[in-house]
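Q: File follows, target.txt with compact mmCIF, C-alpha atoms:
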# COMPACT_ATOMS: atom_id res chain seq x y z
CA MET M 155 -199.41 -175.63 12.91
CA GLU M 156 -196.18 -177.24 11.75
CA LEU M 157 -196.68 -176.09 8.16
CA LYS M 158 -196.57 -172.49 9.30
CA ARG M 159 -193.24 -172.86 11.11
CA TYR M 160 -191.53 -173.75 7.85
CA ASP M 161 -193.56 -171.33 5.72
CA ASN M 162 -190.62 -169.64 4.00
CA PHE M 163 -188.84 -172.92 3.21
CA LEU M 164 -191.99 -174.66 1.98
CA ARG M 165 -193.09 -171.73 -0.19
CA LYS M 166 -189.68 -171.51 -1.82
CA LEU M 167 -189.56 -175.28 -2.26
CA HIS M 168 -193.04 -175.19 -3.82
CA SER M 169 -191.98 -172.47 -6.24
CA LEU M 170 -188.75 -174.28 -7.13
CA ALA M 171 -190.37 -177.70 -7.48
CA GLY M 172 -192.80 -176.29 -10.04
CA ILE M 173 -189.87 -175.39 -12.32
CA ILE M 174 -187.24 -177.95 -11.34
CA PRO M 175 -188.03 -180.78 -11.75
CA VAL M 176 -191.75 -180.62 -12.64
CA GLY M 177 -191.62 -177.91 -15.32
CA VAL M 178 -188.47 -179.30 -16.87
CA PHE M 179 -190.08 -182.73 -16.96
CA LEU M 180 -193.21 -181.28 -18.62
CA THR M 181 -191.12 -179.63 -21.33
CA PHE M 182 -189.21 -182.86 -21.87
CA HIS M 183 -192.40 -184.91 -21.92
CA LEU M 184 -194.11 -182.68 -24.49
CA SER M 185 -191.00 -182.64 -26.70
CA LEU M 186 -190.83 -186.42 -26.57
CA ASN M 187 -194.51 -186.64 -27.51
CA TYR M 188 -193.74 -184.51 -30.55
CA THR M 189 -191.92 -187.48 -32.08
CA ALA M 190 -195.44 -188.83 -32.70
CA THR M 191 -195.75 -186.31 -35.53
CA TRP M 192 -192.90 -188.16 -37.27
CA GLY M 193 -194.85 -191.40 -37.21
CA GLU M 194 -195.66 -194.35 -35.04
CA GLU M 195 -192.22 -195.91 -35.26
CA ALA M 196 -190.35 -192.75 -34.25
CA TYR M 197 -192.60 -192.37 -31.22
CA ASN M 198 -192.26 -195.99 -30.15
CA GLN M 199 -188.50 -195.73 -30.42
CA ALA M 200 -188.35 -192.54 -28.30
CA ALA M 201 -190.77 -193.96 -25.73
CA GLY M 202 -188.82 -197.23 -25.70
CA PHE M 203 -185.66 -195.32 -24.78
CA MET M 204 -187.44 -193.69 -21.80
CA VAL M 205 -188.97 -196.97 -20.65
CA ASN M 206 -185.57 -198.66 -20.61
CA LEU M 207 -183.71 -196.00 -18.61
CA PRO M 208 -181.65 -197.45 -15.77
CA PHE M 209 -182.88 -196.79 -12.20
CA LYS M 210 -186.25 -195.94 -13.75
CA LEU M 211 -188.31 -196.45 -10.60
CA PHE M 212 -185.88 -194.35 -8.55
CA LEU M 213 -185.86 -191.54 -11.14
CA GLU M 214 -189.63 -191.63 -11.49
CA THR M 215 -190.14 -191.44 -7.75
CA PHE M 216 -187.69 -188.68 -6.90
CA ILE M 217 -187.65 -186.61 -10.08
CA ILE M 218 -191.29 -186.84 -11.01
CA PHE M 219 -193.68 -188.35 -8.51
CA LEU M 220 -192.66 -186.90 -5.13
CA PRO M 221 -191.91 -183.31 -6.30
CA LEU M 222 -195.16 -183.34 -8.30
CA LEU M 223 -197.17 -184.64 -5.37
CA PHE M 224 -195.67 -182.05 -3.01
CA HIS M 225 -196.22 -179.24 -5.51
CA ALA M 226 -199.82 -180.33 -6.08
CA LEU M 227 -200.82 -180.78 -2.43
CA TYR M 228 -199.09 -177.66 -1.11
CA GLY M 229 -200.46 -175.79 -4.13
CA VAL M 230 -204.02 -176.72 -3.18
CA TYR M 231 -203.31 -175.49 0.35
CA ILE M 232 -202.12 -172.13 -1.08
CA ALA M 233 -204.89 -171.83 -3.67
CA LEU M 234 -207.62 -172.32 -1.08
CA GLN M 235 -206.42 -169.19 0.75
CA ALA M 236 -207.38 -166.92 -2.14
CA LYS M 237 -210.68 -165.12 -2.45
CA HIS M 238 -210.93 -164.32 -6.14
CA ASN M 239 -212.04 -160.87 -7.20
CA VAL M 240 -211.65 -160.82 -11.00
CA ASN M 241 -215.26 -159.64 -11.16
CA ARG M 242 -214.24 -156.43 -9.37
CA PHE M 243 -210.65 -155.94 -10.54
CA HIS M 244 -210.20 -156.72 -14.23
CA TYR M 245 -206.42 -156.39 -14.42
CA PHE M 246 -204.31 -158.72 -16.55
CA ARG M 247 -202.24 -159.96 -13.61
CA ASN M 248 -205.37 -160.56 -11.52
CA TRP M 249 -206.71 -162.78 -14.29
CA SER M 250 -203.37 -164.58 -14.39
CA PHE M 251 -203.57 -165.09 -10.61
CA PHE M 252 -207.07 -166.53 -11.02
CA LEU M 253 -206.13 -168.74 -13.99
CA GLN M 254 -203.00 -169.99 -12.22
CA ARG M 255 -205.20 -171.43 -9.46
CA ILE M 256 -207.93 -172.73 -11.76
CA THR M 257 -205.42 -174.43 -14.08
CA GLY M 258 -203.72 -175.84 -10.98
CA PHE M 259 -206.91 -177.68 -10.05
CA ILE M 260 -207.55 -178.78 -13.65
CA VAL M 261 -204.00 -180.13 -13.98
CA PHE M 262 -204.25 -181.88 -10.62
CA ILE M 263 -207.23 -183.91 -11.85
CA PHE M 264 -205.88 -184.30 -15.39
CA VAL M 265 -202.51 -185.64 -14.25
CA ALA M 266 -204.14 -188.12 -11.86
CA TRP M 267 -206.36 -189.37 -14.71
CA HIS M 268 -203.48 -189.42 -17.21
CA VAL M 269 -201.23 -191.39 -14.81
CA TRP M 270 -204.06 -193.85 -14.25
CA GLN M 271 -204.59 -194.34 -17.99
CA THR M 272 -200.91 -194.70 -18.87
CA ARG M 273 -198.34 -195.34 -16.12
CA VAL M 274 -200.64 -197.43 -13.91
CA GLN M 275 -201.83 -199.48 -16.89
CA VAL M 276 -198.19 -200.11 -17.87
CA ALA M 277 -197.49 -201.24 -14.32
CA LEU M 278 -200.44 -203.60 -14.66
CA GLY M 279 -198.92 -205.12 -17.78
CA ALA M 280 -200.01 -202.95 -20.72
CA GLU M 281 -197.49 -202.13 -23.44
CA PRO M 282 -196.44 -198.44 -23.50
CA SER M 283 -196.78 -197.61 -27.18
CA PHE M 284 -198.24 -195.32 -29.80
CA GLY M 285 -201.27 -197.61 -29.94
CA MET M 286 -202.02 -197.08 -26.26
CA MET M 287 -202.37 -193.30 -26.66
CA ALA M 288 -204.15 -193.69 -30.00
CA ASP M 289 -206.77 -195.85 -28.25
CA ILE M 290 -207.32 -193.21 -25.56
CA VAL M 291 -207.74 -190.23 -27.89
CA ASP M 292 -209.88 -192.29 -30.24
CA ASN M 293 -212.68 -191.11 -27.93
CA PRO M 294 -213.37 -187.48 -29.01
CA LEU M 295 -214.33 -186.49 -25.47
CA PHE M 296 -211.00 -187.79 -24.16
CA LEU M 297 -209.17 -185.91 -26.92
CA VAL M 298 -210.83 -182.64 -25.91
CA LEU M 299 -210.05 -183.31 -22.23
CA TYR M 300 -206.43 -184.06 -23.14
CA ILE M 301 -206.11 -180.79 -25.06
CA ILE M 302 -207.60 -178.86 -22.13
CA GLY M 303 -205.24 -180.69 -19.77
CA ILE M 304 -202.17 -180.01 -21.91
CA VAL M 305 -202.89 -176.31 -22.45
CA SER M 306 -203.71 -175.87 -18.74
CA SER M 307 -200.44 -177.56 -17.74
CA VAL M 308 -198.47 -175.33 -20.08
CA TYR M 309 -200.25 -172.19 -18.83
CA HIS M 310 -199.66 -173.15 -15.21
CA PHE M 311 -195.99 -173.81 -15.96
CA THR M 312 -195.27 -170.66 -17.98
CA ASN M 313 -197.15 -168.32 -15.67
CA GLY M 314 -195.31 -170.16 -12.90
CA ILE M 315 -191.97 -169.20 -14.47
CA PHE M 316 -193.04 -165.55 -14.30
CA THR M 317 -193.98 -165.77 -10.60
CA PHE M 318 -190.94 -167.95 -9.83
CA LEU M 319 -188.69 -165.13 -11.06
CA ILE M 320 -190.40 -162.73 -8.65
CA THR M 321 -190.58 -165.15 -5.72
CA TRP M 322 -186.85 -165.79 -5.90
CA GLY M 323 -186.05 -162.09 -6.18
CA ILE M 324 -184.71 -162.24 -9.73
CA THR M 325 -187.08 -159.86 -11.55
CA VAL M 326 -187.45 -156.84 -9.26
CA SER M 327 -187.85 -153.85 -11.59
CA PRO M 328 -191.18 -153.32 -13.40
CA LYS M 329 -189.26 -153.36 -16.68
CA SER M 330 -187.74 -156.79 -16.08
CA GLN M 331 -191.14 -158.12 -15.01
CA ARG M 332 -192.72 -156.73 -18.18
CA VAL M 333 -190.06 -158.31 -20.39
CA PHE M 334 -190.48 -161.70 -18.74
CA GLN M 335 -194.25 -161.39 -18.98
CA TYR M 336 -193.81 -161.35 -22.77
CA VAL M 337 -191.12 -164.04 -22.72
CA THR M 338 -193.24 -166.45 -20.65
CA LEU M 339 -196.27 -165.71 -22.82
CA ALA M 340 -194.22 -166.62 -25.90
CA VAL M 341 -193.08 -169.84 -24.21
CA PHE M 342 -196.76 -170.57 -23.47
CA PHE M 343 -197.66 -170.41 -27.15
CA VAL M 344 -194.65 -172.44 -28.28
CA LEU M 345 -195.13 -175.23 -25.71
CA SER M 346 -198.90 -175.29 -26.28
CA PHE M 347 -198.31 -175.72 -29.98
CA ILE M 348 -195.86 -178.58 -29.38
CA GLY M 349 -198.21 -180.27 -26.92
CA VAL M 350 -201.41 -179.96 -28.95
CA ARG M 351 -199.73 -180.83 -32.26
CA ALA M 352 -198.33 -183.98 -30.60
CA ILE M 353 -201.65 -185.18 -29.16
CA LEU M 354 -203.34 -184.59 -32.54
CA ALA M 355 -200.73 -186.86 -34.13
CA PHE M 356 -202.27 -189.80 -32.27
CA VAL M 357 -205.68 -189.26 -33.84
CA MET K 255 -224.66 -131.60 -17.27
CA ALA K 256 -226.71 -128.49 -16.56
CA ASP K 257 -230.10 -130.23 -16.41
CA GLN K 258 -228.99 -132.58 -13.60
CA LYS K 259 -231.11 -131.65 -10.61
CA VAL K 260 -230.17 -134.24 -8.02
CA ILE K 261 -227.28 -136.45 -7.03
CA ARG K 262 -228.48 -140.00 -6.55
CA LEU K 263 -226.73 -142.04 -3.91
CA SER K 264 -227.03 -145.66 -2.81
CA VAL K 265 -225.35 -146.32 0.52
CA LYS K 266 -224.64 -149.69 2.12
CA ARG K 267 -225.41 -149.06 5.76
CA GLN K 268 -224.97 -151.02 8.96
CA GLN K 269 -226.15 -150.00 12.43
CA ASP K 270 -223.23 -151.52 14.32
CA ALA K 271 -220.53 -154.17 14.02
CA ASP K 272 -222.93 -157.11 14.41
CA SER K 273 -226.11 -155.99 12.68
CA LYS K 274 -227.13 -156.82 9.11
CA PRO K 275 -226.18 -154.42 6.34
CA TYR K 276 -228.91 -152.78 4.24
CA ILE K 277 -229.07 -150.36 1.31
CA GLU K 278 -230.51 -146.89 1.71
CA GLU K 279 -230.94 -144.45 -1.16
CA PHE K 280 -230.60 -140.69 -1.05
CA GLU K 281 -231.23 -137.78 -3.39
CA ILE K 282 -229.24 -134.63 -2.79
CA PRO K 283 -229.81 -131.32 -4.62
CA TYR K 284 -227.12 -130.89 -7.24
CA ARG K 285 -224.38 -128.31 -6.89
CA PRO K 286 -221.29 -128.23 -9.10
CA ASN K 287 -217.86 -129.34 -7.82
CA MET K 288 -219.02 -131.49 -4.93
CA ASN K 289 -217.10 -134.49 -3.65
CA VAL K 290 -218.42 -137.59 -1.87
CA ILE K 291 -217.66 -136.06 1.54
CA SER K 292 -219.63 -132.88 0.86
CA VAL K 293 -222.58 -135.01 -0.30
CA LEU K 294 -222.40 -137.02 2.93
CA MET K 295 -222.33 -133.72 4.82
CA GLU K 296 -225.55 -132.72 3.04
CA ILE K 297 -227.16 -135.94 4.30
CA ARG K 298 -225.95 -135.14 7.78
CA LYS K 299 -227.55 -131.67 7.56
CA ASN K 300 -230.85 -133.13 6.45
CA PRO K 301 -231.03 -136.88 7.11
CA VAL K 302 -233.95 -137.78 4.83
CA ASN K 303 -233.73 -140.69 2.38
CA ALA K 304 -234.96 -140.83 -1.22
CA LYS K 305 -238.41 -141.99 -0.09
CA GLY K 306 -238.72 -138.83 2.01
CA GLU K 307 -238.43 -140.71 5.31
CA LYS K 308 -236.44 -139.32 8.19
CA THR K 309 -233.36 -141.46 8.87
CA THR K 310 -230.11 -141.40 10.81
CA PRO K 311 -227.19 -139.53 9.26
CA VAL K 312 -224.69 -141.76 7.45
CA VAL K 313 -221.55 -142.30 9.53
CA TRP K 314 -218.14 -141.98 7.89
CA GLU K 315 -214.62 -140.97 8.84
CA ASN K 316 -212.48 -138.22 7.47
CA VAL K 317 -209.60 -136.08 8.68
CA CYS K 318 -207.41 -134.28 6.17
CA LEU K 319 -209.74 -133.85 3.16
CA GLU K 320 -206.71 -133.74 0.84
CA GLU K 321 -205.94 -137.42 0.22
CA VAL K 322 -203.05 -137.79 2.61
CA CYS K 323 -204.61 -139.36 5.72
CA GLY K 324 -206.47 -142.29 4.19
CA SER K 325 -209.28 -142.31 6.75
CA CYS K 326 -212.15 -141.60 4.32
CA THR K 327 -211.34 -144.66 2.18
CA MET K 328 -214.47 -146.53 1.09
CA LEU K 329 -215.85 -148.39 -1.90
CA ILE K 330 -217.11 -145.85 -4.40
CA ASN K 331 -218.86 -147.54 -7.31
CA GLY K 332 -217.06 -150.71 -6.28
CA LYS K 333 -213.56 -149.24 -6.28
CA PRO K 334 -211.57 -148.62 -3.09
CA ARG K 335 -210.63 -144.93 -2.99
CA GLN K 336 -210.74 -141.81 -0.86
CA ALA K 337 -214.10 -140.06 -0.62
CA CYS K 338 -212.43 -136.65 -0.42
CA SER K 339 -210.83 -136.91 -3.86
CA ALA K 340 -213.85 -138.61 -5.48
CA LEU K 341 -215.52 -135.79 -7.39
CA ILE K 342 -219.25 -136.15 -8.01
CA ASP K 343 -219.07 -134.64 -11.50
CA GLN K 344 -216.75 -137.48 -12.54
CA LEU K 345 -218.81 -140.34 -11.07
CA GLU K 346 -221.49 -142.45 -12.66
CA GLN K 347 -224.87 -142.20 -10.88
CA PRO K 348 -226.39 -143.54 -8.77
CA ILE K 349 -223.19 -143.46 -6.78
CA HIS K 350 -222.78 -146.65 -4.79
CA LEU K 351 -221.04 -146.20 -1.46
CA ALA K 352 -220.03 -149.14 0.72
CA PRO K 353 -217.54 -149.73 3.52
CA LEU K 354 -214.26 -151.50 2.67
CA SER K 355 -214.97 -155.22 2.81
CA THR K 356 -211.58 -156.26 4.20
CA PHE K 357 -212.08 -154.62 7.58
CA PRO K 358 -214.68 -155.00 10.31
CA VAL K 359 -217.39 -152.35 9.99
CA VAL K 360 -217.86 -150.03 12.95
CA ARG K 361 -220.94 -148.32 11.53
CA ASP K 362 -222.11 -147.46 8.00
CA LEU K 363 -218.99 -146.42 6.06
CA GLN K 364 -216.66 -146.41 9.04
CA VAL K 365 -214.34 -149.40 9.36
CA ASP K 366 -211.71 -150.50 11.86
CA ARG K 367 -208.30 -150.70 10.15
CA GLN K 368 -206.51 -151.87 13.30
CA ARG K 369 -205.05 -154.92 11.52
CA MET K 370 -202.95 -152.60 9.35
CA PHE K 371 -201.45 -150.89 12.39
CA ASP K 372 -200.88 -154.27 14.05
CA ALA K 373 -199.01 -155.34 10.90
CA LEU K 374 -196.79 -152.24 11.07
CA LYS K 375 -195.98 -153.11 14.68
CA ARG K 376 -195.32 -156.71 13.78
CA VAL K 377 -192.77 -155.83 11.08
CA LYS K 378 -191.24 -153.09 13.26
CA ALA K 379 -191.86 -150.33 10.75
CA TRP K 380 -189.74 -147.78 12.60
CA ILE K 381 -186.12 -146.94 13.33
CA PRO K 382 -185.08 -147.60 16.94
CA ILE K 383 -182.83 -144.70 17.96
CA ASP K 384 -183.91 -144.06 21.54
CA GLY K 385 -181.31 -144.81 24.18
CA THR K 386 -179.86 -143.53 27.43
CA PHE K 387 -177.33 -141.23 25.76
CA ASN K 388 -177.00 -139.20 22.59
CA LEU K 389 -175.90 -141.41 19.72
CA GLY K 390 -174.93 -138.47 17.53
CA PRO K 391 -175.89 -138.04 13.87
CA GLY K 392 -176.58 -141.17 11.81
CA PRO K 393 -175.09 -142.03 8.41
CA ARG K 394 -176.14 -139.88 5.45
CA PHE K 395 -178.98 -140.89 3.16
CA PRO K 396 -177.70 -141.12 -0.43
CA GLU K 397 -179.79 -138.70 -2.49
CA LYS K 398 -180.69 -141.18 -5.22
CA LYS K 399 -181.99 -143.67 -2.69
CA ARG K 400 -183.80 -140.96 -0.75
CA GLN K 401 -185.81 -140.08 -3.83
CA TRP K 402 -187.43 -143.49 -4.24
CA ALA K 403 -187.64 -144.08 -0.51
CA TYR K 404 -189.62 -140.85 -0.20
CA GLU K 405 -192.25 -142.28 -2.54
CA LEU K 406 -192.71 -145.27 -0.21
CA SER K 407 -193.15 -142.91 2.74
CA LYS K 408 -196.31 -141.55 1.10
CA CYS K 409 -198.24 -144.64 2.27
CA MET K 410 -201.18 -143.47 4.41
CA THR K 411 -202.38 -146.93 5.56
CA CYS K 412 -205.65 -146.33 3.73
CA GLY K 413 -206.25 -150.01 2.98
CA CYS K 414 -206.94 -149.85 -0.78
CA CYS K 415 -204.20 -152.42 -1.46
CA LEU K 416 -205.59 -154.83 1.14
CA GLU K 417 -209.07 -154.43 -0.31
CA ALA K 418 -207.87 -155.29 -3.81
CA CYS K 419 -205.60 -158.19 -2.79
CA PRO K 420 -207.24 -161.60 -3.33
CA ASN K 421 -204.93 -163.09 -0.70
CA VAL K 422 -206.05 -160.73 2.07
CA ASN K 423 -209.18 -162.33 3.51
CA ASP K 424 -210.48 -164.30 6.47
CA ARG K 425 -209.00 -167.57 5.17
CA SER K 426 -205.47 -166.18 5.00
CA ASP K 427 -203.22 -164.50 7.57
CA PHE K 428 -201.46 -162.29 4.97
CA ILE K 429 -200.50 -158.92 6.47
CA GLY K 430 -200.93 -157.23 3.08
CA PRO K 431 -198.78 -155.11 0.75
CA ALA K 432 -198.76 -151.86 2.78
CA ALA K 433 -196.73 -153.15 5.74
CA LEU K 434 -194.34 -155.01 3.43
CA SER K 435 -193.58 -151.85 1.52
CA GLN K 436 -192.75 -150.14 4.83
CA VAL K 437 -190.19 -152.88 5.53
CA ARG K 438 -188.50 -151.92 2.27
CA LEU K 439 -188.60 -148.25 3.29
CA PHE K 440 -187.05 -148.78 6.71
CA ASN K 441 -184.52 -151.31 5.39
CA ALA K 442 -183.42 -148.70 2.85
CA HIS K 443 -182.83 -146.06 5.51
CA PRO K 444 -179.12 -145.91 6.44
CA THR K 445 -179.91 -146.12 10.17
CA GLY K 446 -182.92 -148.39 9.77
CA GLU K 447 -180.72 -150.77 7.80
CA MET K 448 -179.04 -151.76 11.07
CA ASN K 449 -182.21 -153.66 12.03
CA LYS K 450 -182.74 -155.09 8.56
CA GLU K 451 -182.36 -158.75 9.54
CA GLU K 452 -184.95 -158.44 12.28
CA ARG K 453 -187.59 -157.11 9.87
CA LEU K 454 -186.73 -159.66 7.19
CA THR K 455 -186.99 -162.52 9.67
CA THR K 456 -190.46 -161.34 10.64
CA ILE K 457 -191.78 -161.13 7.08
CA MET K 458 -190.39 -164.60 6.33
CA GLU K 459 -192.84 -166.03 8.86
CA ALA K 460 -196.30 -167.29 7.89
CA GLY K 461 -198.56 -164.47 6.74
CA GLY K 462 -195.56 -162.45 5.58
CA ILE K 463 -194.13 -161.90 2.14
CA ASN K 464 -194.64 -165.47 0.95
CA SER K 465 -198.41 -165.07 1.19
CA CYS K 466 -198.24 -162.71 -1.79
CA GLY K 467 -199.69 -164.42 -4.89
CA ASN K 468 -198.53 -161.86 -7.48
CA SER K 469 -201.98 -160.77 -8.59
CA GLN K 470 -200.42 -157.27 -8.54
CA ASN K 471 -203.78 -155.61 -7.88
CA CYS K 472 -202.20 -153.56 -5.08
CA VAL K 473 -200.03 -151.46 -7.37
CA GLN K 474 -203.02 -150.80 -9.63
CA VAL K 475 -205.25 -149.40 -6.89
CA CYS K 476 -202.74 -147.52 -4.72
CA PRO K 477 -203.96 -143.89 -4.69
CA LYS K 478 -200.43 -142.67 -3.98
CA GLY K 479 -198.94 -144.57 -6.92
CA ILE K 480 -196.53 -146.44 -4.64
CA SER K 481 -194.57 -149.14 -6.46
CA LEU K 482 -195.87 -151.85 -4.13
CA THR K 483 -195.02 -154.75 -6.43
CA THR K 484 -191.45 -153.49 -6.80
CA SER K 485 -191.27 -153.31 -3.01
CA ILE K 486 -192.51 -156.87 -2.72
CA ALA K 487 -190.15 -158.14 -5.43
CA ASP K 488 -187.23 -156.34 -3.79
CA LEU K 489 -188.16 -157.90 -0.43
CA TYR K 490 -188.31 -161.29 -2.14
CA ARG K 491 -184.69 -160.71 -3.14
CA GLN K 492 -183.76 -159.52 0.36
CA THR K 493 -185.46 -162.47 2.08
CA THR K 494 -184.03 -165.00 -0.39
CA LEU K 495 -180.52 -163.72 0.33
CA GLN K 496 -181.31 -163.60 4.05
CA SER K 497 -182.47 -167.22 4.06
CA PHE K 498 -179.23 -168.31 2.38
CA LYS K 499 -177.26 -166.31 4.95
CA ASN K 500 -179.28 -167.85 7.77
CA PHE K 501 -178.58 -171.36 6.56
CA PHE K 502 -175.03 -171.15 5.24
CA GLY K 503 -173.86 -168.47 7.66
CA SER K 504 -172.69 -164.91 7.13
CA TYR K 505 -170.56 -162.88 9.56
CA LYS K 506 -169.85 -159.84 7.45
Can you present the structure in this file as structure tokens?
A:
Amino acid sequence: MELKRYDNFLRKLHSLAGIIPVGVFLTFHLSLNYTATWGEEAYNQAAGFMVNLPFKLFLETFIIFLPLLFHALYGVYIALQAKHNVNRFHYFRNWSFFLQRITGFIVFIFVAWHVWQTRVQVALGAEPSFGMMADIVDNPLFLVLYIIGIVSSVYHFTNGIFTFLITWGITVSPKSQRVFQYVTLAVFFVLSFIGVRAILAFV
Amino acid sequence: MADQKVIRLSVKRQQDADSKPYIEEFEIPYRPNMNVISVLMEIRKNPVNAKGEKTTPVVWENVCLEEVCGSCTMLINGKPRQACSALIDQLEQPIHLAPLSTFPVVRDLQVDRQRMFDALKRVKAWIPIDGTFNLGPGPRFPEKKRQWAYELSKCMTCGCCLEACPNVNDRSDFIGPAALSQVRLFNAHPTGEMNKEERLTTIMEAGGINSCGNSQNCVQVCPKGISLTTSIADLYRQTTLQSFKNFFGSYK
């Protein structure tokens, strides 16, 4: 199979794509959403700046869409090779391994749904604004699904930073891995807070 | 526990490679300080199950009986470990014995770990020194390096790490942590280092190091306490550097 011939390159690319650009974009996206806590006008202004970026379609395609699509599809291919055994081995890292794959699938579906509700609707003529998101999360079920989606994305990203550092040979010693386990866990809580606080601002 | 009269055992048995597994229970008269092997030997002496029916003796493998050969590895109360160092007085009863699930069963508790030896061959876990003339002494092994390398040499190919790894299964071609750690060992050796690139190139192929998913179960279950995840992380660094060298060129 062709995929197997380029295994090393594709695996590294998959690991990298999850951080740069996808993870960086996620961080940026959640931070931008946070402007919603300052009020409708602040959010509309920040969103308006993003909407009016030059070369928007080019940037969207090559910085967001294609890397995300590759990371998602190749990620599914990797995740389907695992046979989970958290019922037999209850170690913290084994749970992280399991959650990384589960959140991967959740985020895959969530992002597809989220893109449909926002970016596709904008392409079809809707106005990207505070009101658009407020209408979506007006439905309590959607709000809960959004919170699950946001927290899953952040978990997948922050645990991904931890494994990225191993995959690229940066954290080798057990001590460095332990330190970055705590660091990435802290980043998980901070980004989750930003993301959830922001979505609640639309309610 | 002085009042304990019998040792209760529940064994997952299988007649041959293709037949269906079944559970058979045994009750063995209690003696202090027994291990799982000596209990299995009692069954062999008197192959009668808990119902009092005559049965075939349970088949298992063992060689060294001191936790250095790895051949008596099996699932004991669900955990992969060596039967020789599993002491009855420390185990919860009934004691559940089963063959390792990662490997094809030969019979009862005996499995075929050939895939581990194939993996060692694939990664060339040796130092090629044979030739047509005497090459003389090799470079010295720095003492500090020798100390950690020695720990890696304790691997007995028992298969506990493969059993615990969620990425070692029939859907994946991952060779497993044991063989990877041996690549680190032989790449660390001053003579073995001369064939470093060859080993790294092999583990960069599909089923090699990149199939690791960082569940880090291997290091938790290794009976020899080998730092398998450090080995894997170190090999990630070696292969990352190697892939840059391969692409950009290096003629050092």
Q: Name the residues in contact with M:Phe356 at a cut-off of 9 Å, using all atoms listed in the file, excluding same-chain residues fewer than 3 positions from it; report them as a list in words.
A: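 What passes the distance filter is Ala190, Thr191, Glu194, Phe284, Gly285, Met287, Ala288, Asp289, Val291, Asp292, Ala352 and Ile353 of chain M.
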Q: Ranking M:Ile348, M:Ile256, M:Val308, M:Leu207 by minimum distance to M:Leu186 and counting only C-alpha atoms, which one comes first?
A: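 Among M:Ile348, M:Ile256, M:Val308, M:Leu207, it is M:Ile348 that comes nearest to M:Leu186.
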Q: Which residues come within 12 Å of M:His268, counting only C-alpha atoms, excluding same-chain residues fewer than 2 positions away, as a PyMOL selection string?
A: chain M and resi 260-266+270-276+286-287+290-291+296-297+299-301+303-304
Q: Near K:Asn441, within 9 Å and counting all atoms listed in the file, which residues show up once chain neighbours fewer than 6 positions away are dropped, as a PDB file with C-alpha atoms, in the frame of the given file?
A:
ATOM      1  CA  GLU K 447    -180.720-150.770   7.800  1.00  0.00           C
ATOM      2  CA  MET K 448    -179.040-151.760  11.070  1.00  0.00           C
ATOM      3  CA  ASN K 449    -182.210-153.660  12.030  1.00  0.00           C
ATOM      4  CA  LYS K 450    -182.740-155.090   8.560  1.00  0.00           C
ATOM      5  CA  GLU K 451    -182.360-158.750   9.540  1.00  0.00           C
ATOM      6  CA  ARG K 453    -187.590-157.110   9.870  1.00  0.00           C
ATOM      7  CA  LEU K 454    -186.730-159.660   7.190  1.00  0.00           C
TER       8      LEU K 454
END
Q: Of the residues M:Phe203, M:Phe212, M:Phe224, M:Phe246, which is the one nearest to chain K, using only C-alpha atoms?
A: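 Using only C-alpha atoms, chain K sits closest to M:Phe246.
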Q: Using all atoms listed in the file, select each residue of chain K with any atom at most 10 Å away from an atom of chain M, and give the selection as a short mmCIF file (atom, residue, chain, number, x, y, z; two decimals) with C-alpha atoms, in the frame of the given file.
A:
data_model
loop_
_atom_site.label_atom_id
_atom_site.label_comp_id
_atom_site.auth_asym_id
_atom_site.auth_seq_id
_atom_site.Cartn_x
_atom_site.Cartn_y
_atom_site.Cartn_z
CA GLY K 332 -217.06 -150.71 -6.28
CA LYS K 333 -213.56 -149.24 -6.28
CA GLU K 417 -209.07 -154.43 -0.31
CA ALA K 418 -207.87 -155.29 -3.81
CA CYS K 419 -205.60 -158.19 -2.79
CA PRO K 420 -207.24 -161.60 -3.33
CA ASN K 421 -204.93 -163.09 -0.70
CA VAL K 422 -206.05 -160.73 2.07
CA ASN K 423 -209.18 -162.33 3.51
CA ASP K 424 -210.48 -164.30 6.47
CA ARG K 425 -209.00 -167.57 5.17
CA SER K 426 -205.47 -166.18 5.00
CA ASP K 427 -203.22 -164.50 7.57
CA PHE K 428 -201.46 -162.29 4.97
CA THR K 455 -186.99 -162.52 9.67
CA ILE K 457 -191.78 -161.13 7.08
CA MET K 458 -190.39 -164.60 6.33
CA GLU K 459 -192.84 -166.03 8.86
CA ALA K 460 -196.30 -167.29 7.89
CA GLY K 461 -198.56 -164.47 6.74
CA GLY K 462 -195.56 -162.45 5.58
CA ILE K 463 -194.13 -161.90 2.14
CA ASN K 464 -194.64 -165.47 0.95
CA SER K 465 -198.41 -165.07 1.19
CA CYS K 466 -198.24 -162.71 -1.79
CA GLY K 467 -199.69 -164.42 -4.89
CA ASN K 468 -198.53 -161.86 -7.48
CA SER K 469 -201.98 -160.77 -8.59
CA GLN K 470 -200.42 -157.27 -8.54
CA ASN K 471 -203.78 -155.61 -7.88
CA GLN K 474 -203.02 -150.80 -9.63
CA VAL K 475 -205.25 -149.40 -6.89
CA SER K 481 -194.57 -149.14 -6.46
CA THR K 483 -195.02 -154.75 -6.43
CA THR K 484 -191.45 -153.49 -6.80
CA SER K 485 -191.27 -153.31 -3.01
CA ILE K 486 -192.51 -156.87 -2.72
CA ALA K 487 -190.15 -158.14 -5.43
CA ASP K 488 -187.23 -156.34 -3.79
CA LEU K 489 -188.16 -157.90 -0.43
CA TYR K 490 -188.31 -161.29 -2.14
CA ARG K 491 -184.69 -160.71 -3.14
CA GLN K 492 -183.76 -159.52 0.36
CA THR K 493 -185.46 -162.47 2.08
CA THR K 494 -184.03 -165.00 -0.39
CA LEU K 495 -180.52 -163.72 0.33
CA SER K 497 -182.47 -167.22 4.06
#
